[in-house]
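Q: What follows is a single structure, and I will ask about it in a moment.
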Amino acid sequence: MRAEEADAWGALVATARRTVSDGLVVGTSGNVSVRVGDTVLVTPSGVPYDRLTPTDLVGVDLDGRQVLGTLLPTSELPMHLAVYRSTGADAVVHTHAVHATAVSTLVPELPSVHYMSGALGGPVRVAPYATYGTEELAENMLHALTDRSACLLQNHGTIAYGASLDQAFDRTAQLEWMCRLWLTASSVPGLSPSLLTGEQLAEAGERLRGYGQRG
């Protein structure tokens, strides 16, 4: 294991544990990965995140062949690899967050109740259901991710990617928050939440690209 891989594994484990502490994952119902060169480090299948140690590192190449560690990689490896092959992602976070999963059972697209949809590329789509861990699910996900950095997975959960573990996690958390917001607003009897137009979301997305400190 190279120092770069060891550091990335430590950051991956910290992010995986954060998905649990922030309520985005229950038990082992989610997974996290990060790319280091041509190697993808990924959480192992069925191992609680609080038990992971530096020696539990799991790595595969972009074709899915295991090149690091002895534990089996997550069963959702096809989704993670599909993202890396199709985008410039350096990290991927998948969760079964409760509000987002609830929304995935109700609508084909998360209604645009907040401008933060613009930070994810636009209205968040729902990928049609397919059995977990399958190439079919990975393909459905890729269609939903077209020009987006996150999507919902019908009757399943969420997936988001970014240029870092922090960005992938933050996008996941924002998506769950927006789903909770829509569910809350739409539950008021006799009222329907106002929605933003495509133009409003595009403008917000453009402004968000320059958000934060510079340099």
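Naming works like this for the structure tokens: A, B, ... for the chains as they're shown, residue 1 at the start of each chain, ligands 1 onward in shown order.
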Give the helix (DSSP H, G or I) residues of chain A, as DSSP finds them on the backbone, and put them as a ChimeraX atom specification.
A: /A:3-21,49-51,54-56,77-86,98-104,115-120,135-144,165-186,198-208
Q: Can you tell me, as a list in words, what residues are no more than 7 Å from stretch 69-78 of chain A when counting only C-alpha atoms, ignoring any on the same chain fewer than 2 positions away?
A: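 Listing them by chain and then by number gives Asn31, Val42, Thr43, Pro44, Ser45, Asp56, Leu57, Val58, Gly59, Val67, His80, Leu81, Ala82, Tyr132, Gly133, Thr134, Glu135 and Ala138 of chain A.
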Q: To one decimal place in Å, what is the distance between atom CA of A:Asp90 and atom CA of A:Cys179?
A: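 Straight-line distance from atom CA of A:Asp90 to atom CA of A:Cys179 works out to 24.9 Å.
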Q: Can you check which parts of stretch 71-132 of chain A lie within 10 Å of stretch 195-200 of chain A? Per residue, the shortest pair of atoms and distance in Å to one decimal, counting only C-alpha atoms, sorted by chain and number, as CSV.
A:
residue,atom,partner,partner_atom,distance
A:Pro111,CA,A:Leu195,CA,6.8
A:Ser112,CA,A:Leu195,CA,5.2
A:Val113,CA,A:Leu195,CA,4.9
A:His114,CA,A:Leu196,CA,7.0
A:Tyr115,CA,A:Leu196,CA,7.3
A:Ser117,CA,A:Leu196,CA,9.6
A:Gly118,CA,A:Gln200,CA,8.6
A:Gly122,CA,A:Gly198,CA,7.7
A:Pro123,CA,A:Gly198,CA,8.2
Q: Next, write the just-selected residues to a file, as an mmCIF file, in the first residue's frame, keeping all heavy atoms as the atom set.
A:
data_model
loop_
_atom_site.group_PDB
_atom_site.id
_atom_site.type_symbol
_atom_site.label_atom_id
_atom_site.label_comp_id
_atom_site.auth_asym_id
_atom_site.auth_seq_id
_atom_site.Cartn_x
_atom_site.Cartn_y
_atom_site.Cartn_z
ATOM 1 N N PRO A 111 -39.179 17.391 -7.317
ATOM 2 C CA PRO A 111 -39.641 18.731 -7.685
ATOM 3 C C PRO A 111 -38.655 19.803 -7.219
ATOM 4 O O PRO A 111 -38.035 19.685 -6.155
ATOM 5 C CB PRO A 111 -40.991 18.842 -6.954
ATOM 6 C CG PRO A 111 -41.464 17.421 -6.856
ATOM 7 C CD PRO A 111 -40.211 16.623 -6.594
ATOM 8 N N SER A 112 -38.520 20.847 -8.024
ATOM 9 C CA SER A 112 -37.501 21.877 -7.784
ATOM 10 C C SER A 112 -37.981 22.877 -6.733
ATOM 11 O O SER A 112 -38.376 24.002 -7.042
ATOM 12 C CB SER A 112 -37.160 22.582 -9.097
ATOM 13 O OG SER A 112 -36.677 21.658 -10.037
ATOM 14 N N VAL A 113 -37.896 22.465 -5.475
ATOM 15 C CA VAL A 113 -38.364 23.321 -4.387
ATOM 16 C C VAL A 113 -37.277 24.253 -3.858
ATOM 17 O O VAL A 113 -37.559 25.151 -3.071
ATOM 18 C CB VAL A 113 -38.926 22.489 -3.213
ATOM 19 C CG1 VAL A 113 -40.209 21.803 -3.607
ATOM 20 C CG2 VAL A 113 -37.895 21.463 -2.736
ATOM 21 N N HIS A 114 -36.032 24.046 -4.276
ATOM 22 C CA HIS A 114 -34.948 24.867 -3.748
ATOM 23 C C HIS A 114 -33.859 25.039 -4.801
ATOM 24 O O HIS A 114 -33.600 24.131 -5.604
ATOM 25 C CB HIS A 114 -34.349 24.222 -2.492
ATOM 26 C CG HIS A 114 -33.521 25.162 -1.670
ATOM 27 N ND1 HIS A 114 -32.191 25.391 -1.922
ATOM 28 C CD2 HIS A 114 -33.848 25.945 -0.611
ATOM 29 C CE1 HIS A 114 -31.733 26.263 -1.040
ATOM 30 N NE2 HIS A 114 -32.717 26.617 -0.237
ATOM 31 N N TYR A 115 -33.203 26.206 -4.758
ATOM 32 C CA TYR A 115 -32.206 26.506 -5.793
ATOM 33 C C TYR A 115 -30.967 25.628 -5.712
ATOM 34 O O TYR A 115 -30.174 25.560 -6.653
ATOM 35 C CB TYR A 115 -31.811 27.981 -5.751
ATOM 36 C CG TYR A 115 -31.073 28.432 -4.513
ATOM 37 C CD1 TYR A 115 -29.717 28.172 -4.345
ATOM 38 C CD2 TYR A 115 -31.730 29.147 -3.509
ATOM 39 C CE1 TYR A 115 -29.036 28.595 -3.225
ATOM 40 C CE2 TYR A 115 -31.051 29.577 -2.377
ATOM 41 C CZ TYR A 115 -29.702 29.300 -2.240
ATOM 42 O OH TYR A 115 -29.036 29.719 -1.119
ATOM 43 N N SER A 117 -30.836 22.660 -6.105
ATOM 44 C CA SER A 117 -30.887 21.699 -7.214
ATOM 45 C C SER A 117 -29.911 22.111 -8.308
ATOM 46 O O SER A 117 -29.345 21.261 -9.010
ATOM 47 C CB SER A 117 -32.299 21.623 -7.792
ATOM 48 O OG SER A 117 -33.205 21.083 -6.863
ATOM 49 N N GLY A 118 -29.715 23.428 -8.460
ATOM 50 C CA GLY A 118 -28.785 23.936 -9.457
ATOM 51 C C GLY A 118 -27.357 23.495 -9.209
ATOM 52 O O GLY A 118 -26.568 23.357 -10.147
ATOM 53 N N GLY A 122 -29.180 20.524 -11.961
ATOM 54 C CA GLY A 122 -30.568 20.721 -12.362
ATOM 55 C C GLY A 122 -31.480 19.794 -11.598
ATOM 56 O O GLY A 122 -31.055 19.165 -10.618
ATOM 57 N N PRO A 123 -32.752 19.682 -12.023
ATOM 58 C CA PRO A 123 -33.700 18.802 -11.326
ATOM 59 C C PRO A 123 -33.136 17.389 -11.156
ATOM 60 O O PRO A 123 -32.573 16.819 -12.095
ATOM 61 C CB PRO A 123 -34.922 18.811 -12.251
ATOM 62 C CG PRO A 123 -34.835 20.125 -12.965
ATOM 63 C CD PRO A 123 -33.377 20.371 -13.171
#
Q: So what do you get for atom CA of A:Gly205 versus atom CA of A:Leu120, distance-wise?
A: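 Between atom CA of A:Gly205 and atom CA of A:Leu120 the gap is 7.9 Å.
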Q: In Å to one decimal, how far is atom CA of A:Val98 from atom CA of A:Leu24?
A: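 Atom CA of A:Val98 lies at a distance of 7.2 Å from atom CA of A:Leu24.
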Q: Stretch 19-98 of chain A: which residues are strand (DSSP E or B) by DSSP, as a list of chain:residue names?
A: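 These are the residues in question: A:Asn31, A:Val32, A:Ser33, A:Val34, A:Arg35, A:Val36, A:Thr39, A:Val40, A:Leu41, A:Val42, A:Pro44, A:Gly59, A:Val60, A:Asp61, A:Gln66, A:Val67, A:Leu68, A:Pro73, A:Ala91, A:Val92, A:Val93, A:His94, A:Thr95.
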Q: Save the residues we just selected, N, CA and C atoms, as a CSV table (one decimal), in the first residue's frame?
A:
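again16.csv was written with the following content:
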chain,number,residue,atom,x,y,z
A,31,ASN,N,-22.4,2.8,0.7
A,31,ASN,CA,-21.0,2.5,0.4
A,31,ASN,C,-20.3,3.8,-0.1
A,32,VAL,N,-19.0,3.8,0.0
A,32,VAL,CA,-18.2,5.0,-0.4
A,32,VAL,C,-17.0,4.5,-1.1
A,33,SER,N,-16.6,5.3,-2.1
A,33,SER,CA,-15.4,5.0,-2.8
A,33,SER,C,-14.6,6.3,-3.2
A,34,VAL,N,-13.3,6.1,-3.5
A,34,VAL,CA,-12.5,7.2,-3.9
A,34,VAL,C,-11.4,6.7,-4.9
A,35,ARG,N,-11.2,7.5,-5.9
A,35,ARG,CA,-10.2,7.1,-6.9
A,35,ARG,C,-8.8,7.6,-6.6
A,36,VAL,N,-7.8,6.7,-6.7
A,36,VAL,CA,-6.4,7.1,-6.6
A,36,VAL,C,-5.7,6.6,-7.8
A,39,THR,N,-6.7,3.2,-9.5
A,39,THR,CA,-7.3,2.3,-8.5
A,39,THR,C,-8.4,3.0,-7.8
A,40,VAL,N,-9.5,2.2,-7.6
A,40,VAL,CA,-10.7,2.7,-6.8
A,40,VAL,C,-10.7,2.0,-5.5
A,41,LEU,N,-10.5,2.8,-4.4
A,41,LEU,CA,-10.7,2.2,-3.1
A,41,LEU,C,-12.2,2.3,-2.7
A,42,VAL,N,-12.7,1.2,-2.1
A,42,VAL,CA,-14.1,1.1,-1.9
A,42,VAL,C,-14.4,0.4,-0.6
A,44,PRO,N,-15.7,-2.3,2.0
A,44,PRO,CA,-16.0,-3.7,1.8
A,44,PRO,C,-17.4,-4.1,2.0
A,59,GLY,N,-9.2,-2.4,-2.8
A,59,GLY,CA,-9.0,-1.6,-4.0
A,59,GLY,C,-9.2,-2.5,-5.2
A,60,VAL,N,-9.8,-1.9,-6.2
A,60,VAL,CA,-10.0,-2.5,-7.5
A,60,VAL,C,-9.5,-1.6,-8.6
A,61,ASP,N,-9.3,-2.2,-9.8
A,61,ASP,CA,-9.0,-1.4,-11.0
A,61,ASP,C,-10.3,-1.0,-11.6
A,66,GLN,N,-9.8,-7.0,-8.3
A,66,GLN,CA,-9.3,-6.6,-7.0
A,66,GLN,C,-7.8,-6.6,-7.1
A,67,VAL,N,-7.2,-5.4,-6.6
A,67,VAL,CA,-5.8,-5.3,-6.7
A,67,VAL,C,-5.2,-5.0,-5.3
A,68,LEU,N,-6.1,-4.7,-4.3
A,68,LEU,CA,-5.6,-4.4,-3.0
A,68,LEU,C,-6.6,-5.1,-2.0
A,73,PRO,N,-15.2,-6.4,-2.1
A,73,PRO,CA,-15.7,-5.1,-2.2
A,73,PRO,C,-17.2,-5.0,-2.2
A,91,ALA,N,-14.6,10.7,-6.3
A,91,ALA,CA,-15.2,10.1,-5.2
A,91,ALA,C,-16.7,9.9,-5.4
A,92,VAL,N,-17.3,8.8,-4.8
A,92,VAL,CA,-18.7,8.5,-4.9
A,92,VAL,C,-19.2,8.1,-3.6
A,93,VAL,N,-20.4,8.6,-3.3
A,93,VAL,CA,-21.1,8.2,-2.0
A,93,VAL,C,-22.5,7.7,-2.4
A,94,HIS,N,-22.9,6.5,-1.9
A,94,HIS,CA,-24.2,5.9,-2.1
A,94,HIS,C,-24.8,5.7,-0.7
A,95,THR,N,-26.1,6.1,-0.5
A,95,THR,CA,-26.7,5.9,0.8
A,95,THR,C,-28.2,5.4,0.6
Q: Using only C-alpha atoms, pick whichever of A:Val83, A:Ala97, A:Glu203, A:Leu152 has the shortest atom-to-atom distance to A:Leu110.
A: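 Of the candidates, the smallest distance to A:Leu110 is held by A:Leu152.
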Q: Check the smallest atom-to-atom distance from each of A:Arg171, A:Arg65, A:Arg17, A:Arg180 to A:Gly121 using only C-alpha atoms, then report the winner.
A: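 Looking at the shortest contact to A:Gly121, the residue is A:Arg171.
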Q: Counting only C-alpha atoms, which residue out of A:Asp170, A:Asp7, A:Gly64, A:His96 sits closest to A:Gly27?
A: A:His96
